[in-house]
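Q: I'm passing along model_13.txt; it holds compact mmCIF, C-alpha atoms and all ligand atoms.
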# COMPACT_ATOMS: atom_id res chain seq x y z
CA ALA A 1 114.23 68.65 10.77
CA LYS A 2 117.54 67.98 12.52
CA PRO A 3 117.92 69.21 16.09
CA VAL A 4 118.85 72.87 16.12
CA ILE A 5 120.94 74.43 18.88
CA VAL A 6 120.43 78.15 19.52
CA ALA A 7 122.64 80.14 21.90
CA ILE A 8 121.28 83.46 23.19
CA ASP A 9 123.69 85.58 25.22
CA GLY A 10 123.79 89.15 26.48
CA PRO A 11 123.70 91.30 29.60
CA SER A 12 120.76 91.48 32.05
CA GLY A 13 117.54 93.13 31.02
CA THR A 14 117.96 92.69 27.26
CA GLY A 15 114.98 90.32 27.02
CA LYS A 16 116.94 87.06 26.83
CA SER A 17 114.50 85.00 28.89
CA SER A 18 111.27 86.27 27.36
CA THR A 19 112.71 85.94 23.86
CA SER A 20 114.26 82.51 24.40
CA LYS A 21 111.14 81.00 25.94
CA ALA A 22 108.86 82.34 23.21
CA VAL A 23 111.16 81.24 20.38
CA ALA A 24 111.49 77.74 21.86
CA ALA A 25 107.72 77.45 22.36
CA GLN A 26 106.96 78.64 18.81
CA LEU A 27 109.43 76.24 17.23
CA GLY A 28 108.78 73.23 19.49
CA LEU A 29 112.27 73.30 21.00
CA SER A 30 113.47 72.78 24.57
CA TYR A 31 114.56 75.78 26.63
CA LEU A 32 117.34 76.21 29.19
CA ASP A 33 117.81 79.23 31.46
CA THR A 34 121.46 78.92 32.53
CA GLY A 35 121.22 82.00 34.76
CA ALA A 36 118.66 80.07 36.84
CA GLN A 37 121.27 77.33 37.36
CA TYR A 38 123.86 79.82 38.65
CA ARG A 39 121.18 81.39 40.83
CA ALA A 40 120.22 77.94 42.16
CA ILE A 41 123.76 77.04 43.21
CA THR A 42 124.09 80.51 44.78
CA TRP A 43 120.83 79.99 46.70
CA TRP A 44 122.18 76.66 48.01
CA MET A 45 125.45 78.29 49.12
CA VAL A 46 123.57 81.04 50.98
CA ASP A 47 121.22 78.45 52.54
CA ASN A 48 124.23 76.42 53.70
CA GLY A 49 126.11 79.38 55.15
CA ILE A 50 129.05 79.17 52.74
CA ASP A 51 131.36 82.22 52.95
CA LEU A 52 130.89 83.81 49.53
CA ALA A 53 133.87 86.10 50.04
CA ASP A 54 136.05 82.96 49.90
CA PRO A 55 136.39 81.42 46.41
CA VAL A 56 138.12 78.37 47.88
CA ALA A 57 135.15 77.68 50.16
CA ILE A 58 132.84 78.01 47.15
CA ALA A 59 135.01 75.71 45.02
CA ASP A 60 135.13 73.07 47.77
CA VAL A 61 131.36 72.55 47.72
CA ALA A 62 130.66 73.32 44.05
CA GLY A 63 129.91 69.64 43.34
CA LYS A 64 127.54 69.08 46.26
CA PRO A 65 124.04 70.32 45.33
CA GLU A 66 122.04 68.40 42.75
CA ILE A 67 120.58 70.91 40.30
CA ILE A 68 117.83 69.80 37.92
CA SER A 69 116.38 72.03 35.19
CA GLY A 70 113.08 71.26 33.49
CA THR A 71 113.37 72.36 29.85
CA ASP A 72 109.75 72.80 28.74
CA PRO A 73 109.53 76.45 27.59
CA SER A 74 105.90 76.74 28.71
CA ALA A 75 106.75 75.61 32.26
CA PRO A 76 110.48 75.76 33.02
CA THR A 77 111.41 74.37 36.46
CA ILE A 78 114.48 74.36 38.66
CA THR A 79 115.17 72.26 41.75
CA VAL A 80 118.10 71.95 44.14
CA ASP A 81 118.29 68.64 46.01
CA GLY A 82 114.65 68.13 45.15
CA VAL A 83 113.49 71.54 46.43
CA ASP A 84 111.65 73.85 44.01
CA VAL A 85 113.66 77.08 44.09
CA ALA A 86 112.01 78.97 41.21
CA GLY A 87 110.86 81.70 43.61
CA PRO A 88 113.81 81.99 46.03
CA ILE A 89 116.41 82.32 43.25
CA ARG A 90 114.86 85.65 42.16
CA THR A 91 115.37 87.47 45.48
CA GLN A 92 117.61 90.52 45.64
CA GLU A 93 119.93 88.63 47.97
CA VAL A 94 120.63 85.91 45.40
CA THR A 95 120.79 88.44 42.56
CA SER A 96 123.43 90.48 44.38
CA LYS A 97 125.53 87.41 45.22
CA VAL A 98 125.35 85.32 42.06
CA SER A 99 128.27 87.01 40.26
CA ALA A 100 130.70 86.06 43.06
CA VAL A 101 129.64 82.42 42.83
CA SER A 102 129.49 82.22 39.03
CA ALA A 103 133.04 83.58 38.75
CA VAL A 104 134.52 80.50 40.47
CA PRO A 105 135.97 78.11 37.83
CA GLU A 106 134.86 74.94 39.70
CA VAL A 107 131.29 76.23 39.71
CA ARG A 108 131.43 77.01 35.99
CA ALA A 109 132.92 73.61 35.11
CA ARG A 110 130.15 71.86 37.02
CA ILE A 111 127.28 73.91 35.58
CA THR A 112 128.72 73.87 32.04
CA GLU A 113 128.70 70.06 32.12
CA LEU A 114 125.01 70.04 33.09
CA GLN A 115 124.27 72.46 30.25
CA ARG A 116 126.07 70.38 27.61
CA THR A 117 124.28 67.21 28.74
CA LEU A 118 120.88 68.89 28.46
CA ALA A 119 121.71 70.44 25.08
CA THR A 120 122.88 67.19 23.48
CA GLY A 121 119.89 65.32 24.94
CA ALA A 122 117.26 67.65 23.47
CA GLU A 123 115.65 65.62 20.69
CA LYS A 124 114.22 68.47 18.64
CA GLY A 125 116.83 71.02 19.64
CA ILE A 126 117.09 73.66 22.31
CA VAL A 127 117.34 77.38 22.97
CA VAL A 128 119.97 78.01 25.65
CA GLU A 129 120.25 81.49 27.17
CA GLY A 130 123.09 82.88 29.26
CA ARG A 131 126.34 84.80 29.13
CA ASP A 132 128.91 82.38 27.73
CA ILE A 133 126.81 79.92 25.73
CA GLY A 134 128.08 80.93 22.28
CA THR A 135 131.67 81.43 23.41
CA THR A 136 132.25 78.50 25.78
CA VAL A 137 129.36 76.15 26.50
CA LEU A 138 128.16 75.44 22.94
CA PRO A 139 130.73 76.91 20.55
CA ASP A 140 129.28 74.78 17.72
CA ALA A 141 125.71 76.08 18.14
CA ASP A 142 123.80 76.38 14.84
CA LEU A 143 122.84 79.96 15.63
CA LYS A 144 124.29 82.44 18.11
CA ILE A 145 122.45 85.61 19.07
CA PHE A 146 123.87 88.42 21.21
CA LEU A 147 121.14 90.68 22.61
CA THR A 148 121.99 94.23 23.72
CA ALA A 149 120.02 97.29 24.86
CA SER A 150 120.85 100.67 26.38
CA ALA A 151 121.37 100.72 30.16
CA GLU A 152 118.24 102.89 30.48
CA ALA A 153 116.06 100.43 28.59
CA ARG A 154 117.44 97.48 30.56
CA ALA A 155 116.88 99.15 33.94
CA ALA A 156 113.38 100.23 32.97
CA ARG A 157 112.46 96.67 31.93
CA ARG A 158 113.89 95.16 35.11
CA SER A 159 112.19 97.62 37.45
CA GLY A 160 108.94 96.98 35.57
CA GLU A 161 109.37 93.27 36.32
CA LEU A 162 110.20 93.91 39.96
CA LYS A 163 107.05 96.02 40.40
CA GLY A 164 107.79 99.38 41.91
CA ALA A 165 111.53 98.90 42.28
CA ASP A 166 113.51 102.12 42.01
CA VAL A 167 114.77 102.53 38.41
CA GLN A 168 117.98 104.28 39.46
CA ALA A 169 118.90 101.62 42.04
CA THR A 170 118.04 98.86 39.58
CA ARG A 171 120.20 100.52 36.93
CA GLU A 172 123.19 100.68 39.28
CA ALA A 173 122.81 97.07 40.45
CA LEU A 174 122.49 95.91 36.86
CA ILE A 175 125.56 97.79 35.67
CA LYS A 176 127.56 96.44 38.60
CA ARG A 177 126.53 92.83 37.90
CA ASP A 178 127.27 93.13 34.18
CA ALA A 179 130.68 94.64 34.92
CA ALA A 180 131.48 91.73 37.26
CA ASP A 181 130.23 89.16 34.73
CA SER A 182 132.17 90.81 31.87
CA SER A 183 135.46 91.13 33.72
CA ARG A 184 135.79 87.74 35.39
CA LYS A 185 138.63 85.52 34.19
CA THR A 186 136.70 82.34 33.39
CA SER A 187 134.34 82.61 30.41
CA PRO A 188 133.15 86.19 30.89
CA LEU A 189 130.03 87.65 29.30
CA ALA A 190 131.12 88.23 25.70
CA LYS A 191 129.81 88.22 22.16
CA ALA A 192 131.07 85.27 20.12
CA GLY A 193 132.82 86.26 16.88
CA ASP A 194 130.12 84.51 14.85
CA ALA A 195 127.12 85.76 16.86
CA VAL A 196 124.40 87.95 15.34
CA GLU A 197 124.03 91.08 17.46
CA VAL A 198 120.49 92.39 17.96
CA ASP A 199 120.05 95.76 19.68
CA THR A 200 116.62 95.57 21.33
CA THR A 201 116.48 99.15 22.67
CA GLU A 202 113.94 100.33 20.10
CA LEU A 203 112.25 96.98 19.46
CA THR A 204 109.17 95.43 21.03
CA LEU A 205 109.43 91.92 22.45
CA ALA A 206 107.29 90.65 19.56
CA GLN A 207 109.74 92.14 17.05
CA VAL A 208 112.75 90.54 18.75
CA ILE A 209 111.00 87.16 18.84
CA GLU A 210 110.10 87.41 15.16
CA CYS A 211 113.65 88.35 14.25
CA VAL A 212 115.14 85.37 16.11
CA VAL A 213 112.51 82.90 14.80
CA THR A 214 113.37 83.98 11.24
CA LEU A 215 117.08 83.49 11.89
CA VAL A 216 116.48 80.00 13.33
CA GLU A 217 114.29 79.00 10.40
CA GLU A 218 117.06 79.97 7.99
CA LYS A 219 119.30 77.45 9.75
CA ARG A 220 116.87 74.53 9.56
O1 LIG B 1 120.39 85.59 33.47
P1 LIG B 1 120.42 85.88 34.92
O2 LIG B 1 120.36 87.34 35.24
O3 LIG B 1 119.41 85.09 35.70
O4 LIG B 1 121.85 85.35 35.42
C1 LIG B 1 122.25 85.44 36.75
C2 LIG B 1 123.76 85.42 36.86
O5 LIG B 1 124.25 84.12 36.53
C3 LIG B 1 124.54 86.37 35.96
O6 LIG B 1 124.64 87.67 36.51
C4 LIG B 1 125.91 85.68 35.91
O7 LIG B 1 126.69 85.97 37.06
C5 LIG B 1 125.55 84.22 35.96
N1 LIG B 1 125.55 83.57 34.65
C6 LIG B 1 126.75 83.18 34.12
N2 LIG B 1 126.80 82.48 32.95
C7 LIG B 1 125.68 82.19 32.29
C8 LIG B 1 124.42 82.62 32.79
C9 LIG B 1 124.39 83.33 33.97
O8 LIG B 1 127.79 83.44 34.71
N3 LIG B 1 125.75 81.47 31.16
Rewrite the structure from the file as structure tokens, please.
A:
Amino acid sequence: AKPVIVAIDGPSGTGKSSTSKAVAAQLGLSYLDTGAQYRAITWWMVDNGIDLADPVAIADVAGKPEIISGTDPSAPTITVDGVDVAGPIRTQEVTSKVSAVSAVPEVRARITELQRTLATGAEKGIVVEGRDIGTTVLPDADLKIFLTASAEARAARRSGELKGADVQATREALIKRDAADSSRKTSPLAKAGDAVEVDTTELTLAQVIECVVTLVEEKR
């Protein structure tokens, strides 16, 4: 089969990561979590004391950290200048700051280039998840999926993941981040015109995975 490129976009808490990893593993494809890359560069900026209220300061150092993503869906990895940051990029601090960093065009240009290199290098194909994959990063993807879910379902899933986190606070933080990601000027979170929209509110993870696997198989 020829390499197949799958773009999976959508807001937070819609099941993008769980779905993308499982689909890639089932079909023998590579997997790229682009949110982890934006989190990694944000972690580096925080660690280096960059003023995140200043887009110029962010732009000035956007090219500095070396970010490497491991694309095996059964064991995805992410390092910054050789440091494993898989844990630290999931803290509330990074989560609350990532939208300010990811809105800076110089950051997006840099990370988008990394994403395209990984996607074209994937021998058997790749599942790439994010916010702007179908619209900007890989507009020629073989299949584009846009996952949605009600705000309630998304907050409930996220607070479940964060063990004991307050659902109401999670819901507010999530809505705020999605609003920032959807309203930024450079490649905002958006559904591509040719994307298949899947509302996951009433679906189990297994059902979403099956639905996407079927759609990929139709393209191969
Ligand atoms: O998917 P995840 O929640 O880990 O993404 C973290 C953040 O990274 C998003 O809120 C968004 O600001 C940014 N992001 C982005 N473009 C992508 C993927 C993520 O701007 N393709």
Q: Centre and edge lengths, as JSON, for the axis-aligned box enclosing every listed atom of ligand LIG 1 (chain B) with 6 Å of padding on each of the six sides, in Å to one decimal?
A:
{"center_x": 123.6, "center_y": 84.6, "center_z": 34.1, "size_x": 20.4, "size_y": 18.2, "size_z": 17.9}
Q: For each of A:Arg110, A:Arg116, A:Arg184, A:Arg171, take the minimum atom-to-atom distance to Ala141 (chain A), counting only C-alpha atoms, then give the residue where this is smallest.
A: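 Smallest separation from Ala141 (chain A) among the options: A:Arg116.
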Q: For Ser102 (chain A), find every residue with an atom within 9 Å (counting all atoms listed in the file), except residues of its own chain fewer than 6 positions away, and show them as a PyMOL selection string.
A: chain A and resi 38-39+41-42+108+181
Q: With 8 Å as the cut-off and all atoms listed in the file counted, what is the closest atom pair between each nearby residue of chain A and ligand LIG 1 (chain B)? Distances in Å to one decimal, ordered by chain and number, as a tab-separated table.
A:
residue	atom	partner	partner_atom	distance
A:Asp9	CA	B:LIG1	N3	7.5
A:Pro11	CA	B:LIG1	O1	7.7
A:Ser12	CA	B:LIG1	O2	5.2
A:Gly13	CA	B:LIG1	O2	7.7
A:Lys16	CA	B:LIG1	O1	7.6
A:Ser17	CA	B:LIG1	O1	7.5
A:Asp33	CA	B:LIG1	O1	7.2
A:Thr34	CA	B:LIG1	C8	4.7
A:Gly35	CA	B:LIG1	O4	3.5
A:Ala36	CA	B:LIG1	O3	5.2
A:Gln37	CA	B:LIG1	O5	7.5
A:Tyr38	CA	B:LIG1	O5	4.8
A:Arg39	CA	B:LIG1	C1	5.8
A:Arg90	CA	B:LIG1	O3	7.9
A:Thr95	CA	B:LIG1	C1	6.7
A:Val98	CA	B:LIG1	O7	5.2
A:Ser99	CA	B:LIG1	O7	3.7
A:Ala100	CA	B:LIG1	O7	7.2
A:Val101	CA	B:LIG1	O7	7.4
A:Ser102	CA	B:LIG1	O8	4.8
A:Ala103	CA	B:LIG1	O8	6.6
A:Arg108	CA	B:LIG1	O8	7.5
A:Glu129	CA	B:LIG1	N3	6.8
A:Gly130	CA	B:LIG1	N3	3.6
A:Arg131	CA	B:LIG1	N3	3.9
A:Asp132	CA	B:LIG1	N3	4.8
A:Ile133	CA	B:LIG1	N3	5.7
A:Val137	CA	B:LIG1	N3	7.9
A:Arg177	CA	B:LIG1	O6	5.7
A:Asp178	CA	B:LIG1	O6	6.5
A:Ala180	CA	B:LIG1	O7	7.5
A:Asp181	CA	B:LIG1	O7	5.3
A:Ser187	CA	B:LIG1	O8	7.9
A:Pro188	CA	B:LIG1	O8	7.1
A:Leu189	CA	B:LIG1	N2	7.1
Q: Show me as a list in words the residues that reach within 8 Å of (121.5, 84.6, 11.8), counting all atoms listed in the file and using the file's own coordinates.
A: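 Those residues, ordered by chain and then number, are Leu143, Lys144, Ile145, Ala195, Val196, Val212, Leu215, Val216, Glu218 and Lys219 of chain A.
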Q: For CA of Val85 (chain A) and CA of Trp44 (chain A), determine how far apart the two atoms are, in Å to one decimal place.
A: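 Computing it gives 9.4 Å between the two atoms.
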Q: Which residue, A:Ala22, A:Leu52, A:Ala153, A:Ile5, has the smallest gap to Pro76 (chain A) when you use all atoms listed in the file?
A: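 Checking each of A:Ala22, A:Leu52, A:Ala153, A:Ile5 against Pro76 (chain A), counting all atoms listed in the file, the winner is A:Ala22.
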